[in-house]
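Pasting data_35.cif here (mmCIF, C-alpha atoms):
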```
data_protein
#
loop_
_atom_site.group_PDB
_atom_site.id
_atom_site.type_symbol
_atom_site.label_atom_id
_atom_site.label_comp_id
_atom_site.auth_asym_id
_atom_site.auth_seq_id
_atom_site.Cartn_x
_atom_site.Cartn_y
_atom_site.Cartn_z
ATOM 1 C CA MET H 1452 -21.367 -26.949 -9.875
ATOM 2 C CA PRO H 1453 -23.623 -24.019 -9.081
ATOM 3 C CA GLU H 1454 -22.182 -20.525 -9.419
ATOM 4 C CA ASN H 1455 -23.173 -19.432 -5.914
ATOM 5 C CA PHE H 1456 -22.938 -22.017 -3.162
ATOM 6 C CA GLU H 1457 -21.943 -23.063 0.320
ATOM 7 C CA ILE H 1458 -19.868 -26.153 1.000
ATOM 8 C CA LYS H 1459 -19.498 -27.730 4.401
ATOM 9 C CA VAL H 1460 -17.124 -30.654 4.748
ATOM 10 C CA GLU H 1461 -15.226 -32.308 7.543
ATOM 11 C CA PHE H 1462 -11.531 -32.958 7.062
ATOM 12 C CA LYS H 1463 -8.700 -34.642 8.909
ATOM 13 C CA VAL H 1464 -5.085 -34.241 7.856
ATOM 14 C CA SER H 1465 -1.966 -35.943 9.184
ATOM 15 C CA PRO H 1466 0.851 -33.808 10.628
ATOM 16 C CA LYS H 1467 2.801 -33.795 7.341
ATOM 17 C CA GLY H 1468 -0.282 -33.521 5.139
ATOM 18 C CA ASN H 1469 -0.965 -30.782 2.612
ATOM 19 C CA SER H 1470 -4.262 -30.535 0.765
ATOM 20 C CA GLY H 1471 -7.091 -28.245 -0.190
ATOM 21 C CA ILE H 1472 -10.630 -28.042 -1.471
ATOM 22 C CA ASN H 1473 -10.690 -26.714 -5.016
ATOM 23 C CA TYR H 1474 -13.740 -24.861 -6.313
ATOM 24 C CA ARG H 1475 -14.676 -22.879 -9.396
ATOM 25 C CA SER H 1476 -11.800 -24.765 -10.995
ATOM 26 C CA GLU H 1477 -10.941 -26.134 -14.414
ATOM 27 C CA LEU H 1478 -9.056 -29.226 -15.519
ATOM 28 C CA ILE H 1479 -5.456 -28.751 -16.630
ATOM 29 C CA GLU H 1480 -4.878 -30.340 -20.008
ATOM 30 C CA GLY H 1481 -2.164 -32.980 -20.035
ATOM 31 C CA THR H 1482 -2.051 -33.403 -16.242
ATOM 32 C CA THR H 1483 -4.285 -36.156 -14.912
ATOM 33 C CA TYR H 1484 -6.769 -35.000 -12.271
ATOM 34 C CA ALA H 1485 -5.075 -31.605 -11.753
ATOM 35 C CA LEU H 1486 -7.257 -28.539 -11.226
ATOM 36 C CA ARG H 1487 -6.615 -24.821 -11.575
ATOM 37 C CA GLY H 1488 -8.739 -22.461 -9.496
ATOM 38 C CA TYR H 1489 -9.652 -21.240 -6.036
ATOM 39 C CA GLN H 1490 -8.609 -23.440 -3.149
ATOM 40 C CA ALA H 1491 -9.573 -23.520 0.516
ATOM 41 C CA ASP H 1492 -6.124 -24.450 1.754
ATOM 42 C CA LEU H 1493 -5.397 -26.914 4.567
ATOM 43 C CA ASN H 1494 -2.329 -28.626 5.943
ATOM 44 C CA GLY H 1495 -1.199 -30.650 8.945
ATOM 45 C CA PRO H 1496 0.839 -27.983 10.703
ATOM 46 C CA GLY H 1497 -2.063 -25.573 10.119
ATOM 47 C CA GLY H 1498 0.085 -22.822 8.677
ATOM 48 C CA TYR H 1499 -2.096 -22.498 5.597
ATOM 49 C CA THR H 1500 -5.436 -23.811 6.832
ATOM 50 C CA GLY H 1501 -8.139 -21.222 6.230
ATOM 51 C CA SER H 1502 -6.217 -19.369 3.525
ATOM 52 C CA ASN H 1503 -7.523 -18.710 0.014
ATOM 53 C CA TYR H 1504 -5.015 -19.966 -2.529
ATOM 54 C CA GLU H 1505 -5.553 -20.021 -6.268
ATOM 55 C CA GLU H 1506 -3.964 -23.225 -7.476
ATOM 56 C CA ARG H 1507 -1.799 -22.881 -10.594
ATOM 57 C CA ARG H 1508 -2.851 -19.255 -11.162
ATOM 58 C CA ARG H 1509 -2.541 -16.254 -8.876
ATOM 59 C CA THR H 1510 -1.168 -18.126 -5.792
ATOM 60 C CA THR H 1511 -2.021 -16.831 -2.283
ATOM 61 C CA LEU H 1512 -4.987 -14.484 -2.452
ATOM 62 C CA ALA H 1513 -5.559 -14.147 1.312
ATOM 63 C CA SER H 1514 -3.690 -15.652 4.236
ATOM 64 C CA ARG H 1515 -5.488 -16.747 7.374
ATOM 65 C CA GLY H 1516 -6.767 -13.673 9.225
ATOM 66 C CA GLN H 1517 -6.937 -11.416 6.173
ATOM 67 C CA LYS H 1518 -9.776 -9.584 4.489
ATOM 68 C CA VAL H 1519 -8.583 -8.811 0.949
ATOM 69 C CA ILE H 1520 -9.832 -7.028 -2.156
ATOM 70 C CA LEU H 1521 -8.354 -8.109 -5.486
ATOM 71 C CA PRO H 1522 -8.339 -5.179 -7.933
ATOM 72 C CA PRO H 1523 -8.537 -5.572 -11.714
ATOM 73 C CA VAL H 1524 -5.316 -6.194 -13.600
ATOM 74 C CA PRO H 1525 -4.843 -5.607 -17.341
ATOM 75 C CA ALA H 1526 -5.597 -8.611 -19.551
ATOM 76 C CA SER H 1527 -2.284 -8.025 -21.324
ATOM 77 C CA ASP H 1528 -0.284 -8.586 -18.108
ATOM 78 C CA SER H 1529 1.399 -11.907 -17.428
ATOM 79 C CA LEU H 1530 0.309 -13.454 -14.134
ATOM 80 C CA LYS H 1531 3.970 -13.930 -13.203
ATOM 81 C CA THR H 1532 4.566 -10.171 -13.139
ATOM 82 C CA HIS H 1533 2.121 -9.909 -10.217
ATOM 83 C CA ILE H 1534 3.449 -12.795 -8.077
ATOM 84 C CA ALA H 1535 6.277 -12.711 -5.532
ATOM 85 C CA ASN H 1536 6.979 -15.124 -2.670
ATOM 86 C CA ASN H 1537 3.889 -17.165 -3.563
ATOM 87 C CA ARG H 1538 1.590 -14.131 -3.067
ATOM 88 C CA TRP H 1539 -0.677 -12.235 -5.467
ATOM 89 C CA LEU H 1540 0.788 -8.735 -5.130
ATOM 90 C CA PRO H 1541 -2.184 -6.650 -6.360
ATOM 91 C CA GLY H 1542 -4.278 -7.913 -3.429
ATOM 92 C CA VAL H 1543 -5.101 -5.159 -0.935
ATOM 93 C CA ILE H 1544 -5.500 -6.160 2.708
ATOM 94 C CA THR H 1545 -8.481 -4.134 3.908
ATOM 95 C CA GLY H 1546 -8.945 -5.627 7.342
ATOM 96 C CA SER H 1547 -8.032 -8.237 9.910
ATOM 97 C CA LEU H 1548 -10.184 -11.159 10.971
ATOM 98 C CA GLY H 1549 -7.949 -11.767 13.978
ATOM 99 C CA ASP H 1550 -4.418 -12.737 14.839
ATOM 100 C CA SER H 1551 -3.217 -15.677 12.731
ATOM 101 C CA ALA H 1552 -1.927 -17.574 15.779
ATOM 102 C CA ALA H 1553 -5.217 -17.110 17.662
ATOM 103 C CA LEU H 1554 -7.153 -18.274 14.605
ATOM 104 C CA ARG H 1555 -4.763 -21.226 14.280
ATOM 105 C CA ALA H 1556 -5.698 -22.293 17.814
ATOM 106 C CA VAL H 1557 -9.249 -23.046 16.553
ATOM 107 C CA ILE H 1558 -7.892 -25.796 14.250
ATOM 108 C CA LYS H 1559 -7.597 -29.274 15.763
ATOM 109 C CA GLU H 1560 -4.407 -31.168 14.922
ATOM 110 C CA ASP H 1561 -4.776 -34.662 13.438
ATOM 111 C CA ASP H 1562 -8.489 -34.575 14.268
ATOM 112 C CA TRP H 1563 -11.749 -33.765 12.489
ATOM 113 C CA ASN H 1564 -12.381 -30.109 11.589
ATOM 114 C CA GLU H 1565 -15.126 -28.496 9.540
ATOM 115 C CA TYR H 1566 -14.465 -26.304 6.505
ATOM 116 C CA HIS H 1567 -17.294 -24.004 5.420
ATOM 117 C CA ILE H 1568 -16.800 -22.229 2.097
ATOM 118 C CA ILE H 1569 -19.203 -19.551 0.876
ATOM 119 C CA ALA H 1570 -18.851 -18.404 -2.738
ATOM 120 C CA LYS H 1571 -21.401 -15.804 -3.754
ATOM 121 C CA GLY H 1572 -20.617 -13.696 -6.801
ATOM 122 C CA ASN H 1573 -17.121 -12.320 -6.380
ATOM 123 C CA HIS H 1574 -17.158 -12.739 -2.586
ATOM 124 C CA LEU H 1575 -15.338 -15.799 -1.158
ATOM 125 C CA GLN H 1576 -15.247 -16.709 2.523
ATOM 126 C CA HIS H 1577 -13.460 -19.589 4.262
ATOM 127 C CA TYR H 1578 -14.524 -20.648 7.756
ATOM 128 C CA VAL H 1579 -12.904 -23.379 9.852
ATOM 129 C CA ASN H 1580 -14.804 -24.732 12.845
ATOM 130 C CA GLY H 1581 -17.255 -21.833 12.598
ATOM 131 C CA VAL H 1582 -14.613 -19.074 12.574
ATOM 132 C CA LEU H 1583 -14.057 -16.822 9.541
ATOM 133 C CA MET H 1584 -10.435 -17.349 8.467
ATOM 134 C CA SER H 1585 -10.192 -15.469 5.144
ATOM 135 C CA ASP H 1586 -12.434 -13.140 3.164
ATOM 136 C CA VAL H 1587 -11.781 -12.243 -0.478
ATOM 137 C CA THR H 1588 -13.631 -9.875 -2.784
ATOM 138 C CA ASP H 1589 -12.374 -10.633 -6.283
ATOM 139 C CA ASN H 1590 -12.784 -7.568 -8.515
ATOM 140 C CA ASP H 1591 -10.197 -8.875 -11.009
ATOM 141 C CA THR H 1592 -12.528 -9.225 -14.005
ATOM 142 C CA VAL H 1593 -9.818 -10.905 -16.101
ATOM 143 C CA ASN H 1594 -8.801 -13.674 -13.688
ATOM 144 C CA ARG H 1595 -11.771 -14.360 -11.405
ATOM 145 C CA ARG H 1596 -14.104 -17.280 -11.973
ATOM 146 C CA PHE H 1597 -17.808 -17.663 -11.200
ATOM 147 C CA LYS H 1598 -18.185 -21.362 -11.985
ATOM 148 C CA GLY H 1599 -16.183 -24.509 -12.356
ATOM 149 C CA LEU H 1600 -15.343 -27.867 -10.897
ATOM 150 C CA LEU H 1601 -15.161 -28.957 -7.282
ATOM 151 C CA GLY H 1602 -12.361 -31.247 -6.139
ATOM 152 C CA VAL H 1603 -9.904 -32.078 -3.415
ATOM 153 C CA GLN H 1604 -6.143 -31.922 -3.630
ATOM 154 C CA VAL H 1605 -3.448 -34.094 -2.127
ATOM 155 C CA HIS H 1606 -0.036 -32.517 -2.538
ATOM 156 C CA VAL H 1607 2.986 -34.507 -3.618
ATOM 157 C CA GLY H 1608 5.484 -34.909 -0.815
ATOM 158 C CA PRO H 1609 6.075 -37.068 2.227
ATOM 159 C CA PRO H 1610 3.668 -39.862 3.142
ATOM 160 C CA MET H 1611 0.445 -38.314 4.428
ATOM 161 C CA ARG H 1612 -3.166 -39.058 5.145
ATOM 162 C CA ILE H 1613 -6.006 -36.776 4.105
ATOM 163 C CA ALA H 1614 -9.587 -37.720 4.918
ATOM 164 C CA TYR H 1615 -12.855 -35.993 4.060
ATOM 165 C CA ARG H 1616 -16.376 -36.868 5.131
ATOM 166 C CA ASN H 1617 -19.880 -35.418 5.079
ATOM 167 C CA PHE H 1618 -19.605 -33.191 2.014
ATOM 168 C CA ARG H 1619 -22.667 -30.922 1.892
ATOM 169 C CA LEU H 1620 -23.303 -28.527 -0.988
ATOM 170 C CA LYS H 1621 -26.017 -25.874 -0.916
ATOM 171 C CA LYS H 1622 -26.903 -23.806 -3.947
ATOM 172 C CA LEU H 1623 -27.348 -20.096 -3.199
ATOM 173 C CA PRO H 1624 -29.420 -17.600 -5.241
#
```

Show the structure stored in the file as structure tokens.
Amino acid sequence: MPENFEIKVEFKVSPKGNSGINYRSELIEGTTYALRGYQADLNGPGGYTGSNYEERRRTTLASRGQKVILPPVPASDSLKTHIANNRWLPGVITGSLGDSAALRAVIKEDDWNEYHIIAKGNHLQHYVNGVLMSDVTDNDTVNRRFKGLLGVQVHVGPPMRIAYRNFRLKKLP
């Protein structure tokens, strides 16, 4: 996987579905096919779609509609000391990309949508159907990642259907 890239992919998720597109991730030893890393979140009800979630690490980095800067944290700190209510507490919201409900209205239910992820250096942007949903600048030199694996997630839970098509990956300088 290139360090700097754009991904465009179409996705369709059933009403009870919960998934995500993992990038700059690493395999978790002892757990088959599980990844730890950044995730462009998506789910059927749309509550999380567009968010930046770091799977099995810092949790929610930016909710839909947020522009966030992640400051450095000491290497000696446990990740758990910086997490509450599934949110990375050191994150500083520096701006709004729009009202979450208005942004949610851009997402089609149980239909095809397009995710566009741009990862360039420490700057991560998630677009859905051409609209910027979350924007993260990761200055946390201890926990950020500049390379890793690409994958898709299907959450455990009720029966669901997750479909992806037309994955396109573009390497950026």

Test item: residues at most 9 Å from H:Asp1562, all atoms listed in the file, excluding those fewer than 6 positions along its chain, as a tab-separated table (two decimals) with C-alpha atoms, in the frame of the given file:
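Wrote it out as out.tsv, contents follow:
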```tsv
chain	number	residue	atom	x	y	z
H	1462	PHE	CA	-11.53	-32.96	7.06
H	1463	LYS	CA	-8.70	-34.64	8.91
H	1464	VAL	CA	-5.08	-34.24	7.86
H	1465	SER	CA	-1.97	-35.94	9.18
```

Handout entry: Spatial neighbours of stretch 1497-1504 of chain H, max dist 8 Å, all atoms listed in the file, sep filter under 3 positions, as a list in words
Key =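 Near neighbours after the sequence-gap exclusion: Tyr1489, Gln1490, Ala1491, Asp1492, Leu1493, Asn1494, Arg1509, Thr1510, Thr1511, Leu1512, Ala1513, Ser1514, Arg1515, Arg1555, Ile1558, Glu1560, His1577, Tyr1578, Val1579, Met1584, Ser1585 and Val1587 of chain H.
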
Output as CSV one row per residue of stretch 1462-1486 of chain H within 8 Å of stretch 1591-1608 of chain H: the closest atom pair and its distance in Å to one decimal place, counting only C-alpha atoms, sorted by chain and residue number ascending.
```
residue,atom,partner,partner_atom,distance
H:Gly1468,CA,H:His1606,CA,7.7
H:Asn1469,CA,H:His1606,CA,5.5
H:Ser1470,CA,H:Val1605,CA,4.7
H:Gly1471,CA,H:Gln1604,CA,5.1
H:Ile1472,CA,H:Val1603,CA,4.5
H:Asn1473,CA,H:Gly1602,CA,5.0
H:Tyr1474,CA,H:Leu1601,CA,4.4
H:Arg1475,CA,H:Gly1599,CA,3.7
H:Ser1476,CA,H:Gly1599,CA,4.6
H:Glu1477,CA,H:Gly1599,CA,5.9
H:Leu1478,CA,H:Leu1600,CA,7.9
H:Leu1486,CA,H:Gly1602,CA,7.7
```

Practice task
Write out as a VMD selection string which residues come within 8 Å of H:Thr1588 when counting all atoms listed in the file, dropping same-chain ones fewer than 6 positions away.
Solution key: chain H and resid 1519 to 1521 1573 to 1575

Problem - H:Asp1561, H:Asp1528, H:Asp1550, H:Glu1461 ranked by distance to H:Leu1583, top pick (using all atoms listed in the file) - result: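 Result for the nearest residue to H:Leu1583: H:Asp1550.
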
Handout entry: Residues within 8 Å of H:Lys1622, only C-alpha atoms, excluding chain neighbours under 5 positions, as number ranges by chain
Key = H: 1453-1457

Write out as lines of an AutoDock Vina configuration file an axis-aligned box for stretch 1458-1462 of chain H: all of its atoms listed in the file, 5 Å added on each side, centre and edge lengths in Å with one decimal.
```
center_x = -15.7
center_y = -29.6
center_z = 4.3
size_x = 18.3
size_y = 16.8
size_z = 16.5
```

Exercise for the section: Calculate how many Å separate atom CA of H:Lys1467 from atom CA of H:Arg1487, rounding to one decimal. Expected result: 23.0 Å

Handout entry: Option closest in space to H:Leu1540, from H:Gln1517, H:Pro1522, H:Thr1482, H:Ser1527 [counting all atoms listed in the file]
Key = H:Pro1522

Practice task
For each of H:Arg1616, H:Gly1516, H:Pro1523, H:Ala1485, take the minimum atom-to-atom distance to H:Leu1554, counting all atoms listed in the file, then give the residue where this is smallest.
Solution key: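 Closest residue, counting all atoms listed in the file: H:Gly1516.
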
Completion exercise
In terms of all atoms listed in the file, the residue from H:Ile1569, H:Val1460, H:Ala1535, H:Ala1553 at minimal distance from H:Ala1614 is H:Val1460

Problem - atom CA of H:Trp1563 to atom CA of H:Asn1580, distance in Å rounded to a single decimal - result: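 Separating atom CA of H:Trp1563 from atom CA of H:Asn1580 is a distance of 9.5 Å.
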
Practice task
Could you please determine the separation between atom CA of H:Ile1613 and atom CA of H:Tyr1484 in Å, to one decimal place?
Solution key: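 Interatomic distance here is 16.5 Å.
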
For a cutoff of 8 Å around the file-coordinate point (-23.5, -29.7, 5.6), which residues qualify once you count all atoms listed in the file? I'd like the result as a PDB file with C-alpha atoms, in the frame of the given file.
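Produced file out32.pdb, reproduced below:
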```pdb
ATOM      1  CA  ILE H1458     -19.868 -26.153   1.000  1.00  0.00           C
ATOM      2  CA  LYS H1459     -19.498 -27.730   4.401  1.00  0.00           C
ATOM      3  CA  VAL H1460     -17.124 -30.654   4.748  1.00  0.00           C
ATOM      4  CA  ASN H1617     -19.880 -35.418   5.079  1.00  0.00           C
ATOM      5  CA  PHE H1618     -19.605 -33.191   2.014  1.00  0.00           C
ATOM      6  CA  ARG H1619     -22.667 -30.922   1.892  1.00  0.00           C
ATOM      7  CA  LEU H1620     -23.303 -28.527  -0.988  1.00  0.00           C
ATOM      8  CA  LYS H1621     -26.017 -25.874  -0.916  1.00  0.00           C
TER       9      LYS H1621
END
```

Problem - Selected residue of minimal separation from H:Pro1541 among H:Gly1572, H:Met1452, H:Val1524, H:Pro1466, counting only C-alpha atoms - result: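 Closest to H:Pro1541 of all the choices is H:Val1524.
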
Fill in the blank from the handout: Across H:Glu1565, H:Val1582, H:Asn1536, H:Tyr1615, the smallest distance to H:Ser1551, with all atoms listed in the file counted, is shown by H:Val1582

Incomplete stretch 1456-1479 of chain H brought to N, CA and C atoms, written out as a PDB file, in the frame of the given file:
```pdb
ATOM      1  N   PHE H1456     -22.743 -20.820  -3.975  1.00  0.00           N
ATOM      2  CA  PHE H1456     -22.938 -22.017  -3.162  1.00  0.00           C
ATOM      3  C   PHE H1456     -22.265 -21.880  -1.805  1.00  0.00           C
ATOM      4  N   GLU H1457     -22.632 -22.821  -0.942  1.00  0.00           N
ATOM      5  CA  GLU H1457     -21.943 -23.063   0.320  1.00  0.00           C
ATOM      6  C   GLU H1457     -21.532 -24.522   0.316  1.00  0.00           C
ATOM      7  N   ILE H1458     -20.341 -24.785   0.799  1.00  0.00           N
ATOM      8  CA  ILE H1458     -19.868 -26.153   1.000  1.00  0.00           C
ATOM      9  C   ILE H1458     -19.510 -26.277   2.469  1.00  0.00           C
ATOM     10  N   LYS H1459     -19.967 -27.359   3.069  1.00  0.00           N
ATOM     11  CA  LYS H1459     -19.498 -27.730   4.401  1.00  0.00           C
ATOM     12  C   LYS H1459     -18.941 -29.146   4.268  1.00  0.00           C
ATOM     13  N   VAL H1460     -17.761 -29.343   4.811  1.00  0.00           N
ATOM     14  CA  VAL H1460     -17.124 -30.654   4.748  1.00  0.00           C
ATOM     15  C   VAL H1460     -16.213 -30.811   5.955  1.00  0.00           C
ATOM     16  N   GLU H1461     -16.162 -32.011   6.460  1.00  0.00           N
ATOM     17  CA  GLU H1461     -15.226 -32.308   7.543  1.00  0.00           C
ATOM     18  C   GLU H1461     -13.947 -32.863   6.935  1.00  0.00           C
ATOM     19  N   PHE H1462     -12.822 -32.476   7.548  1.00  0.00           N
ATOM     20  CA  PHE H1462     -11.531 -32.958   7.062  1.00  0.00           C
ATOM     21  C   PHE H1462     -10.630 -33.317   8.232  1.00  0.00           C
ATOM     22  N   LYS H1463      -9.724 -34.237   7.944  1.00  0.00           N
ATOM     23  CA  LYS H1463      -8.700 -34.642   8.909  1.00  0.00           C
ATOM     24  C   LYS H1463      -7.415 -34.811   8.110  1.00  0.00           C
ATOM     25  N   VAL H1464      -6.345 -34.211   8.591  1.00  0.00           N
ATOM     26  CA  VAL H1464      -5.085 -34.241   7.856  1.00  0.00           C
ATOM     27  C   VAL H1464      -3.965 -34.633   8.816  1.00  0.00           C
ATOM     28  N   SER H1465      -3.088 -35.512   8.353  1.00  0.00           N
ATOM     29  CA  SER H1465      -1.966 -35.943   9.184  1.00  0.00           C
ATOM     30  C   SER H1465      -0.962 -34.806   9.354  1.00  0.00           C
ATOM     31  N   PRO H1466      -0.076 -34.910  10.343  1.00  0.00           N
ATOM     32  CA  PRO H1466       0.851 -33.808  10.628  1.00  0.00           C
ATOM     33  C   PRO H1466       1.684 -33.329   9.431  1.00  0.00           C
ATOM     34  N   LYS H1467       2.012 -34.212   8.504  1.00  0.00           N
ATOM     35  CA  LYS H1467       2.801 -33.795   7.341  1.00  0.00           C
ATOM     36  C   LYS H1467       1.941 -33.617   6.093  1.00  0.00           C
ATOM     37  N   GLY H1468       0.627 -33.613   6.272  1.00  0.00           N
ATOM     38  CA  GLY H1468      -0.282 -33.521   5.139  1.00  0.00           C
ATOM     39  C   GLY H1468      -0.422 -32.118   4.586  1.00  0.00           C
ATOM     40  N   ASN H1469      -0.741 -32.049   3.299  1.00  0.00           N
ATOM     41  CA  ASN H1469      -0.965 -30.782   2.612  1.00  0.00           C
ATOM     42  C   ASN H1469      -2.040 -31.027   1.563  1.00  0.00           C
ATOM     43  N   SER H1470      -3.135 -30.281   1.652  1.00  0.00           N
ATOM     44  CA  SER H1470      -4.262 -30.535   0.765  1.00  0.00           C
ATOM     45  C   SER H1470      -5.051 -29.249   0.591  1.00  0.00           C
ATOM     46  N   GLY H1471      -6.205 -29.382  -0.012  1.00  0.00           N
ATOM     47  CA  GLY H1471      -7.091 -28.245  -0.190  1.00  0.00           C
ATOM     48  C   GLY H1471      -8.367 -28.680  -0.876  1.00  0.00           C
ATOM     49  N   ILE H1472      -9.356 -27.808  -0.799  1.00  0.00           N
ATOM     50  CA  ILE H1472     -10.630 -28.042  -1.471  1.00  0.00           C
ATOM     51  C   ILE H1472     -10.704 -27.041  -2.612  1.00  0.00           C
ATOM     52  N   ASN H1473     -10.660 -27.558  -3.827  1.00  0.00           N
ATOM     53  CA  ASN H1473     -10.690 -26.714  -5.016  1.00  0.00           C
ATOM     54  C   ASN H1473     -12.139 -26.450  -5.409  1.00  0.00           C
ATOM     55  N   TYR H1474     -12.402 -25.207  -5.832  1.00  0.00           N
ATOM     56  CA  TYR H1474     -13.740 -24.861  -6.313  1.00  0.00           C
ATOM     57  C   TYR H1474     -13.623 -23.811  -7.405  1.00  0.00           C
ATOM     58  N   ARG H1475     -14.679 -23.747  -8.219  1.00  0.00           N
ATOM     59  CA  ARG H1475     -14.676 -22.879  -9.396  1.00  0.00           C
ATOM     60  C   ARG H1475     -13.393 -23.108 -10.197  1.00  0.00           C
ATOM     61  N   SER H1476     -13.064 -24.366 -10.373  1.00  0.00           N
ATOM     62  CA  SER H1476     -11.800 -24.765 -10.995  1.00  0.00           C
ATOM     63  C   SER H1476     -12.021 -25.353 -12.371  1.00  0.00           C
ATOM     64  N   GLU H1477     -10.916 -25.505 -13.091  1.00  0.00           N
ATOM     65  CA  GLU H1477     -10.941 -26.134 -14.414  1.00  0.00           C
ATOM     66  C   GLU H1477      -9.847 -27.182 -14.476  1.00  0.00           C
ATOM     67  N   LEU H1478     -10.071 -28.192 -15.313  1.00  0.00           N
ATOM     68  CA  LEU H1478      -9.056 -29.226 -15.519  1.00  0.00           C
ATOM     69  C   LEU H1478      -7.862 -28.637 -16.250  1.00  0.00           C
ATOM     70  N   ILE H1479      -6.677 -29.164 -15.938  1.00  0.00           N
ATOM     71  CA  ILE H1479      -5.456 -28.751 -16.630  1.00  0.00           C
ATOM     72  C   ILE H1479      -5.144 -29.808 -17.673  1.00  0.00           C
TER      73      ILE H1479
END
```
